[in-house]
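Participant: File query-v5.pdb follows (PDB, C-alpha atoms, pLDDT in the B column):
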```
ATOM      1  CA  MET O   1     144.527 182.670 159.209  1.00 35.00           C
ATOM      2  CA  LYS O   2     144.504 179.901 156.562  1.00 37.00           C
ATOM      3  CA  GLN O   3     145.164 182.459 153.790  1.00 39.00           C
ATOM      4  CA  LEU O   4     148.098 183.888 155.774  1.00 30.00           C
ATOM      5  CA  LEU O   5     149.652 180.420 156.119  1.00 30.00           C
ATOM      6  CA  VAL O   6     149.241 179.766 152.376  1.00 33.00           C
ATOM      7  CA  SER O   7     150.849 183.141 151.591  1.00 33.00           C
ATOM      8  CA  LEU O   8     153.744 182.447 153.953  1.00 30.00           C
ATOM      9  CA  SER O   9     154.342 179.017 152.468  1.00 34.00           C
ATOM     10  CA  LEU O  10     154.351 180.495 148.942  1.00 32.00           C
ATOM     11  CA  LEU O  11     156.900 183.120 150.006  1.00 32.00           C
ATOM     12  CA  VAL O  12     159.089 180.489 151.624  1.00 35.00           C
ATOM     13  CA  ALA O  13     158.889 178.454 148.393  1.00 36.00           C
ATOM     14  CA  GLY O  14     160.216 181.446 146.438  1.00 39.00           C
ATOM     15  CA  TRP O  15     156.964 182.764 145.011  1.00 40.00           C
ATOM     16  CA  GLN O  16     156.756 186.496 144.433  1.00 46.00           C
ATOM     17  CA  PRO O  17     153.611 188.454 143.556  1.00 48.00           C
ATOM     18  CA  GLY O  18     153.305 188.861 139.776  1.00 52.00           C
ATOM     19  CA  ARG O  19     155.799 186.074 139.015  1.00 51.00           C
ATOM     20  CA  ALA O  20     155.049 182.460 138.263  1.00 49.00           C
ATOM     21  CA  PRO O  21     156.921 179.876 140.320  1.00 47.00           C
ATOM     22  CA  GLN O  22     160.139 178.746 138.634  1.00 50.00           C
ATOM     23  CA  PRO O  23     160.297 175.017 137.880  1.00 48.00           C
ATOM     24  CA  GLY O  24     163.403 173.060 138.840  1.00 49.00           C
ATOM     25  CA  PRO O  25     165.732 171.706 136.177  1.00 57.00           C
ATOM     26  CA  ALA O  26     164.096 169.042 134.048  1.00 63.00           C
ATOM     27  CA  ALA O  27     165.354 165.498 134.347  1.00 65.00           C
ATOM     28  CA  PRO O  28     167.886 164.733 131.620  1.00 71.00           C
ATOM     29  CA  VAL O  29     166.814 162.680 128.645  1.00 84.00           C
ATOM     30  CA  ALA O  30     168.951 160.307 126.607  1.00 84.00           C
ATOM     31  CA  ALA O  31     169.079 162.698 123.613  1.00 86.00           C
ATOM     32  CA  GLU O  32     170.545 165.499 125.764  1.00 89.00           C
ATOM     33  CA  LEU O  33     173.201 163.195 127.207  1.00 89.00           C
ATOM     34  CA  GLN O  34     173.997 161.749 123.779  1.00 88.00           C
ATOM     35  CA  LYS O  35     174.590 165.243 122.378  1.00 90.00           C
ATOM     36  CA  ASN O  36     176.679 166.357 125.375  1.00 87.00           C
ATOM     37  CA  PHE O  37     178.911 163.268 125.409  1.00 82.00           C
ATOM     38  CA  ALA O  38     179.390 163.492 121.633  1.00 86.00           C
ATOM     39  CA  LEU O  39     180.590 167.072 122.077  1.00 86.00           C
ATOM     40  CA  LEU O  40     182.892 166.041 124.934  1.00 83.00           C
ATOM     41  CA  SER O  41     184.361 163.107 123.026  1.00 83.00           C
ATOM     42  CA  HIS O  42     185.262 165.367 120.106  1.00 82.00           C
ATOM     43  CA  GLY O  43     186.491 168.299 122.178  1.00 78.00           C
ATOM     44  CA  THR O  44     189.605 169.257 124.076  1.00 78.00           C
ATOM     45  CA  GLU O  45     189.914 169.999 127.787  1.00 73.00           C
ATOM     46  CA  PHE O  46     189.769 173.765 128.535  1.00 73.00           C
ATOM     47  CA  GLU O  47     189.314 174.679 124.851  1.00 77.00           C
ATOM     48  CA  SER O  48     186.595 177.148 125.779  1.00 83.00           C
ATOM     49  CA  GLU O  49     184.462 178.312 128.666  1.00 88.00           C
ATOM     50  CA  ALA O  50     181.486 176.501 127.131  1.00 84.00           C
ATOM     51  CA  PHE O  51     183.434 173.210 126.945  1.00 81.00           C
ATOM     52  CA  THR O  52     184.544 173.562 130.580  1.00 84.00           C
ATOM     53  CA  LYS O  53     180.928 174.153 131.617  1.00 88.00           C
ATOM     54  CA  LEU O  54     179.901 171.062 129.658  1.00 86.00           C
ATOM     55  CA  MET O  55     182.648 169.062 131.415  1.00 84.00           C
ATOM     56  CA  ASN O  56     181.251 170.133 134.801  1.00 87.00           C
ATOM     57  CA  THR O  57     177.509 169.771 134.194  1.00 89.00           C
ATOM     58  CA  THR O  58     177.229 166.669 132.013  1.00 90.00           C
ATOM     59  CA  PRO O  59     178.454 164.126 134.620  1.00 91.00           C
ATOM     60  CA  LYS O  60     175.924 165.535 137.094  1.00 93.00           C
ATOM     61  CA  ARG O  61     173.180 165.130 134.501  1.00 92.00           C
ATOM     62  CA  LEU O  62     174.324 161.547 133.848  1.00 93.00           C
ATOM     63  CA  VAL O  63     174.172 160.764 137.578  1.00 94.00           C
ATOM     64  CA  THR O  64     170.580 162.039 137.663  1.00 94.00           C
ATOM     65  CA  TYR O  65     169.729 159.923 134.613  1.00 93.00           C
ATOM     66  CA  LEU O  66     171.360 156.758 135.995  1.00 94.00           C
ATOM     67  CA  LYS O  67     169.383 157.019 139.232  1.00 94.00           C
ATOM     68  CA  THR O  68     166.219 156.272 137.244  1.00 93.00           C
ATOM     69  CA  HIS O  69     167.420 154.285 134.217  1.00 92.00           C
ATOM     70  CA  GLU O  70     169.094 150.937 133.685  1.00 91.00           C
ATOM     71  CA  LEU O  71     171.668 151.240 130.941  1.00 89.00           C
ATOM     72  CA  SER O  72     172.991 148.304 128.907  1.00 91.00           C
ATOM     73  CA  ALA O  73     176.313 148.230 127.042  1.00 93.00           C
ATOM     74  CA  ALA O  74     174.459 148.988 123.783  1.00 93.00           C
ATOM     75  CA  GLY O  75     172.536 151.826 125.454  1.00 91.00           C
ATOM     76  CA  ALA O  76     175.787 153.238 126.811  1.00 92.00           C
ATOM     77  CA  ARG O  77     177.347 153.224 123.319  1.00 92.00           C
ATOM     78  CA  LYS O  78     174.356 155.203 121.990  1.00 91.00           C
ATOM     79  CA  LEU O  79     175.130 157.871 124.612  1.00 89.00           C
ATOM     80  CA  HIS O  80     178.860 157.910 123.659  1.00 89.00           C
ATOM     81  CA  LEU O  81     179.788 156.070 126.871  1.00 92.00           C
ATOM     82  CA  SER O  82     181.289 152.679 127.435  1.00 94.00           C
ATOM     83  CA  LEU O  83     180.293 150.104 130.017  1.00 96.00           C
ATOM     84  CA  SER O  84     183.905 149.563 131.028  1.00 96.00           C
ATOM     85  CA  ALA O  85     183.284 147.225 133.984  1.00 96.00           C
ATOM     86  CA  GLU O  86     180.391 145.468 135.678  1.00 96.00           C
ATOM     87  CA  TYR O  87     179.878 143.107 138.578  1.00 96.00           C
ATOM     88  CA  LYS O  88     176.779 140.934 138.551  1.00 93.00           C
ATOM     89  CA  ASP O  89     175.561 140.465 142.104  1.00 92.00           C
ATOM     90  CA  GLU O  90     172.707 141.935 144.140  1.00 90.00           C
ATOM     91  CA  ALA O  91     174.157 145.466 143.744  1.00 92.00           C
ATOM     92  CA  HIS O  92     174.580 145.262 139.945  1.00 94.00           C
ATOM     93  CA  LEU O  93     177.603 147.579 140.081  1.00 96.00           C
ATOM     94  CA  ASN O  94     178.345 149.154 136.681  1.00 97.00           C
ATOM     95  CA  VAL O  95     181.118 151.534 135.708  1.00 97.00           C
ATOM     96  CA  PHE O  96     180.351 153.751 132.725  1.00 97.00           C
ATOM     97  CA  THR O  97     183.206 155.750 131.215  1.00 95.00           C
ATOM     98  CA  TYR O  98     183.247 158.836 129.018  1.00 91.00           C
ATOM     99  CA  HIS O  99     186.289 160.587 127.603  1.00 88.00           C
ATOM    100  CA  TYR O 100     187.694 163.771 126.127  1.00 84.00           C
ATOM    101  CA  GLU O 101     191.074 164.932 124.885  1.00 84.00           C
ATOM    102  CA  SER O 102     193.598 166.630 127.142  1.00 80.00           C
ATOM    103  CA  GLY O 103     194.975 168.877 124.424  1.00 78.00           C
ATOM    104  CA  GLY O 104     198.518 167.804 125.318  1.00 77.00           C
ATOM    105  CA  THR O 105     200.742 164.743 125.247  1.00 72.00           C
ATOM    106  CA  ARG O 106     198.497 162.861 127.630  1.00 76.00           C
ATOM    107  CA  GLY O 107     195.876 162.325 124.950  1.00 80.00           C
ATOM    108  CA  THR O 108     192.559 160.840 126.043  1.00 85.00           C
ATOM    109  CA  ILE O 109     191.267 161.388 129.582  1.00 85.00           C
ATOM    110  CA  HIS O 110     188.731 158.872 130.908  1.00 90.00           C
ATOM    111  CA  ARG O 111     186.142 159.722 133.585  1.00 92.00           C
ATOM    112  CA  PRO O 112     184.118 157.008 135.377  1.00 96.00           C
ATOM    113  CA  VAL O 113     180.535 157.144 136.645  1.00 96.00           C
ATOM    114  CA  LEU O 114     179.316 154.333 138.910  1.00 96.00           C
ATOM    115  CA  GLN O 115     175.794 152.934 139.089  1.00 96.00           C
ATOM    116  CA  TRP O 116     174.436 150.374 141.565  1.00 95.00           C
ATOM    117  CA  GLN O 117     171.210 149.391 143.283  1.00 93.00           C
ATOM    118  CA  ASN O 118     170.142 148.329 146.762  1.00 90.00           C
ATOM    119  CA  ALA O 119     168.205 145.228 147.805  1.00 87.00           C
ATOM    120  CA  VAL O 120     164.825 146.800 146.939  1.00 90.00           C
ATOM    121  CA  GLY O 121     165.972 147.901 143.473  1.00 90.00           C
ATOM    122  CA  GLN O 122     166.517 151.610 144.151  1.00 94.00           C
ATOM    123  CA  ARG O 123     169.268 152.913 141.858  1.00 95.00           C
ATOM    124  CA  PHE O 124     172.187 155.113 142.866  1.00 95.00           C
ATOM    125  CA  ALA O 125     174.926 156.766 140.827  1.00 95.00           C
ATOM    126  CA  TYR O 126     178.136 158.656 141.518  1.00 95.00           C
ATOM    127  CA  ALA O 127     180.554 160.535 139.269  1.00 95.00           C
ATOM    128  CA  ALA O 128     183.934 159.542 140.698  1.00 93.00           C
ATOM    129  CA  PRO O 129     186.391 162.463 140.908  1.00 91.00           C
ATOM    130  CA  VAL O 130     189.191 160.458 139.261  1.00 92.00           C
ATOM    131  CA  GLU O 131     190.623 160.202 135.782  1.00 91.00           C
ATOM    132  CA  CYS O 132     190.759 156.488 135.063  1.00 93.00           C
ATOM    133  CA  GLU O 133     189.118 153.813 132.963  1.00 94.00           C
ATOM    134  CA  PHE O 134     188.170 151.055 135.387  1.00 96.00           C
ATOM    135  CA  THR O 135     188.073 147.711 133.584  1.00 96.00           C
ATOM    136  CA  GLU O 136     187.921 145.179 136.441  1.00 97.00           C
ATOM    137  CA  ILE O 137     185.784 144.824 139.576  1.00 97.00           C
ATOM    138  CA  TYR O 138     186.336 142.381 142.445  1.00 97.00           C
ATOM    139  CA  LYS O 139     184.000 142.000 145.402  1.00 96.00           C
ATOM    140  CA  LEU O 140     185.827 142.058 148.738  1.00 95.00           C
ATOM    141  CA  ALA O 141     184.869 140.029 151.785  1.00 92.00           C
ATOM    142  CA  SER O 142     183.749 142.705 154.218  1.00 86.00           C
ATOM    143  CA  PRO O 143     181.274 142.970 157.095  1.00 85.00           C
ATOM    144  CA  GLY O 144     178.522 145.557 156.768  1.00 81.00           C
ATOM    145  CA  HIS O 145     178.229 147.410 153.462  1.00 84.00           C
ATOM    146  CA  PRO O 146     179.554 145.685 150.326  1.00 90.00           C
ATOM    147  CA  GLN O 147     183.040 146.712 149.236  1.00 94.00           C
ATOM    148  CA  TYR O 148     184.578 146.366 145.789  1.00 96.00           C
ATOM    149  CA  LEU O 149     188.058 146.722 144.360  1.00 97.00           C
ATOM    150  CA  LEU O 150     188.156 148.669 141.093  1.00 97.00           C
ATOM    151  CA  LEU O 151     191.219 148.277 138.883  1.00 97.00           C
ATOM    152  CA  GLY O 152     191.925 150.496 135.922  1.00 96.00           C
ATOM    153  CA  HIS O 153     194.366 152.581 133.955  1.00 93.00           C
ATOM    154  CA  ASP O 154     194.849 155.841 132.099  1.00 89.00           C
ATOM    155  CA  ARG O 155     197.697 157.659 130.427  1.00 83.00           C
ATOM    156  CA  GLY O 156     199.753 159.915 132.667  1.00 79.00           C
ATOM    157  CA  SER O 157     201.410 161.628 129.702  1.00 76.00           C
ATOM    158  CA  GLY O 158     202.675 160.669 126.280  1.00 74.00           C
ATOM    159  CA  GLN O 159     205.413 158.615 127.967  1.00 81.00           C
ATOM    160  CA  CYS O 160     203.851 156.966 131.008  1.00 86.00           C
ATOM    161  CA  TYR O 161     200.850 154.885 131.923  1.00 85.00           C
ATOM    162  CA  LEU O 162     198.913 155.135 135.169  1.00 87.00           C
ATOM    163  CA  SER O 163     197.459 152.096 136.923  1.00 92.00           C
ATOM    164  CA  ALA O 164     194.839 152.669 139.590  1.00 93.00           C
ATOM    165  CA  ALA O 165     193.244 150.600 142.345  1.00 95.00           C
ATOM    166  CA  TYR O 166     190.324 151.980 144.325  1.00 94.00           C
ATOM    167  CA  VAL O 167     188.250 150.356 147.047  1.00 95.00           C
ATOM    168  CA  ILE O 168     184.680 151.589 147.206  1.00 94.00           C
ATOM    169  CA  GLU O 169     181.967 150.879 149.748  1.00 92.00           C
ATOM    170  CA  LEU O 170     178.358 151.005 148.576  1.00 89.00           C
ATOM    171  CA  LYS O 171     175.826 152.640 150.847  1.00 80.00           C
ATOM    172  CA  GLY O 172     172.166 153.220 150.223  1.00 65.00           C
TER     173      GLY O 172
END
```
Turn the structure described in the file into structure tokens.
Facilitator:
Amino acid sequence: MKQLLVSLSLLVAGWQPGRAPQPGPAAPVAAELQKNFALLSHGTEFESEAFTKLMNTTPKRLVTYLKTHELSAAGARKLHLSLSAEYKDEAHLNVFTYHYESGGTRGTIHRPVLQWQNAVGQRFAYAAPVECEFTEIYKLASPGHPQYLLLGHDRGSGQCYLSAAYVIELKG
């Protein structure tokens, strides 16, 4: 009976006779992120299928990295990021920004990734689905979870400038 349970659990986990179990994706390392963000910063949006894939996967890899690493402004620069805004309180909210070229009159597109921590020091990260370089953070008076106002900007085209204000609530 014990052998049957072990066999069933291996099948549920994806094991097949004659095949070794497949490991999950390895955690990203700084060198991988540095290379990817260097390629993004020198590339153009939708220039190739490979560049589009890099645009989609690299922020996810950065989120995974930021959940386990504290990153200073100097460390961010080494990865081809900027620490565009930070708020020093118990949450240690940081906004890291990477960029790439639009290929048109808009020019540079900025993408933010947020990092914060809870009261016990557990880190969280989130790749915001916006195109903006947030440069200011203000903590809002709010009951419950902490809320912050993020202010930033980006180019809308070669002729206009976009200002953005987002309110975020930190959970976790």
Participant: Convert the output of the PyMOL selection byres ((chain O and resi 146-153) around 6) on the shown file into explicit residues, formatted as a CSV table (one decimal) with C-alpha atoms, in the frame of the given file.
Facilitator:
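Below is the file selection16.csv, written as the result:
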```csv
chain,number,residue,atom,x,y,z
O,132,CYS,CA,190.8,156.5,135.1
O,133,GLU,CA,189.1,153.8,133.0
O,134,PHE,CA,188.2,151.1,135.4
O,135,THR,CA,188.1,147.7,133.6
O,136,GLU,CA,187.9,145.2,136.4
O,137,ILE,CA,185.8,144.8,139.6
O,138,TYR,CA,186.3,142.4,142.4
O,139,LYS,CA,184.0,142.0,145.4
O,140,LEU,CA,185.8,142.1,148.7
O,145,HIS,CA,178.2,147.4,153.5
O,154,ASP,CA,194.8,155.8,132.1
O,162,LEU,CA,198.9,155.1,135.2
O,163,SER,CA,197.5,152.1,136.9
O,164,ALA,CA,194.8,152.7,139.6
O,165,ALA,CA,193.2,150.6,142.3
O,166,TYR,CA,190.3,152.0,144.3
O,167,VAL,CA,188.2,150.4,147.0
O,168,ILE,CA,184.7,151.6,147.2
O,169,GLU,CA,182.0,150.9,149.7
O,170,LEU,CA,178.4,151.0,148.6
```
Participant: List the neighbours of region 52-65 of chain O out to 9 Å using only C-alpha atoms; skip same-chain residues closer than 6 positions along the sequence, and give me the result as a list in words.
Facilitator: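 Within the cut-off, the hits are Ala27, Pro28, Val29, Ala30, Leu33, Asn36, Phe37, Leu39, Leu40, Glu45, Phe46, Arg111, Val113, Leu114, Gln115, Phe124, Ala125, Tyr126 and Ala127 of chain O.
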Participant: My list of candidates is O:Thr68, O:Ser102, O:Asn94, O:Ser82. Which is closest to Gln122 (chain O) when distances are computed with only C-alpha atoms?
Facilitator: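 Of O:Thr68, O:Ser102, O:Asn94, O:Ser82, the one nearest Gln122 (chain O) is O:Thr68, counting only C-alpha atoms.
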Participant: Distance CA of Lys88 (chain O)-CA of Thr108 (chain O), one decimal place?
Facilitator: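 These two atoms are separated by 28.3 Å.
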Participant: Here is a test: counting all atoms listed in the file, which residue of O:Ser48, O:Thr105, O:Ser142, O:Ser72 is nearest to Glu86 (chain O)?
Facilitator: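 Once distances to Glu86 (chain O) are computed over all atoms listed in the file, the minimum belongs to O:Ser72.
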Participant: Out of O:His110, O:Lys35, O:His42, O:Arg123, which residue has the shortest atom-to-atom distance to Glu70 (chain O) when counting all atoms listed in the file?
Facilitator: O:Arg123
Participant: What is the distance between CA of Ala31 (chain O) and CA of Ala85 (chain O), in Å to one decimal?
Facilitator: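 Result for CA of Ala31 (chain O) versus CA of Ala85 (chain O): 23.4 Å, one decimal.
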Participant: Counting only C-alpha atoms, which residue out of O:Gly103, O:Pro112, O:Leu66, O:Ser157 sits closest to Leu83 (chain O)?
Facilitator: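 Distance minimum relative to Leu83 (chain O) lands on O:Pro112.
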Participant: Go ahead and compute the interatomic distance for CA of His99 (chain O) and CA of Lys78 (chain O), in Å to one decimal.
Facilitator: 14.2 Å
Participant: Using all atoms listed in the file, which of O:Lys67, O:Tyr161, O:Lys171, O:Gln34 sits nearest Ala91 (chain O)?
Facilitator: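 Of the candidates, the smallest distance to Ala91 (chain O) is held by O:Lys171.
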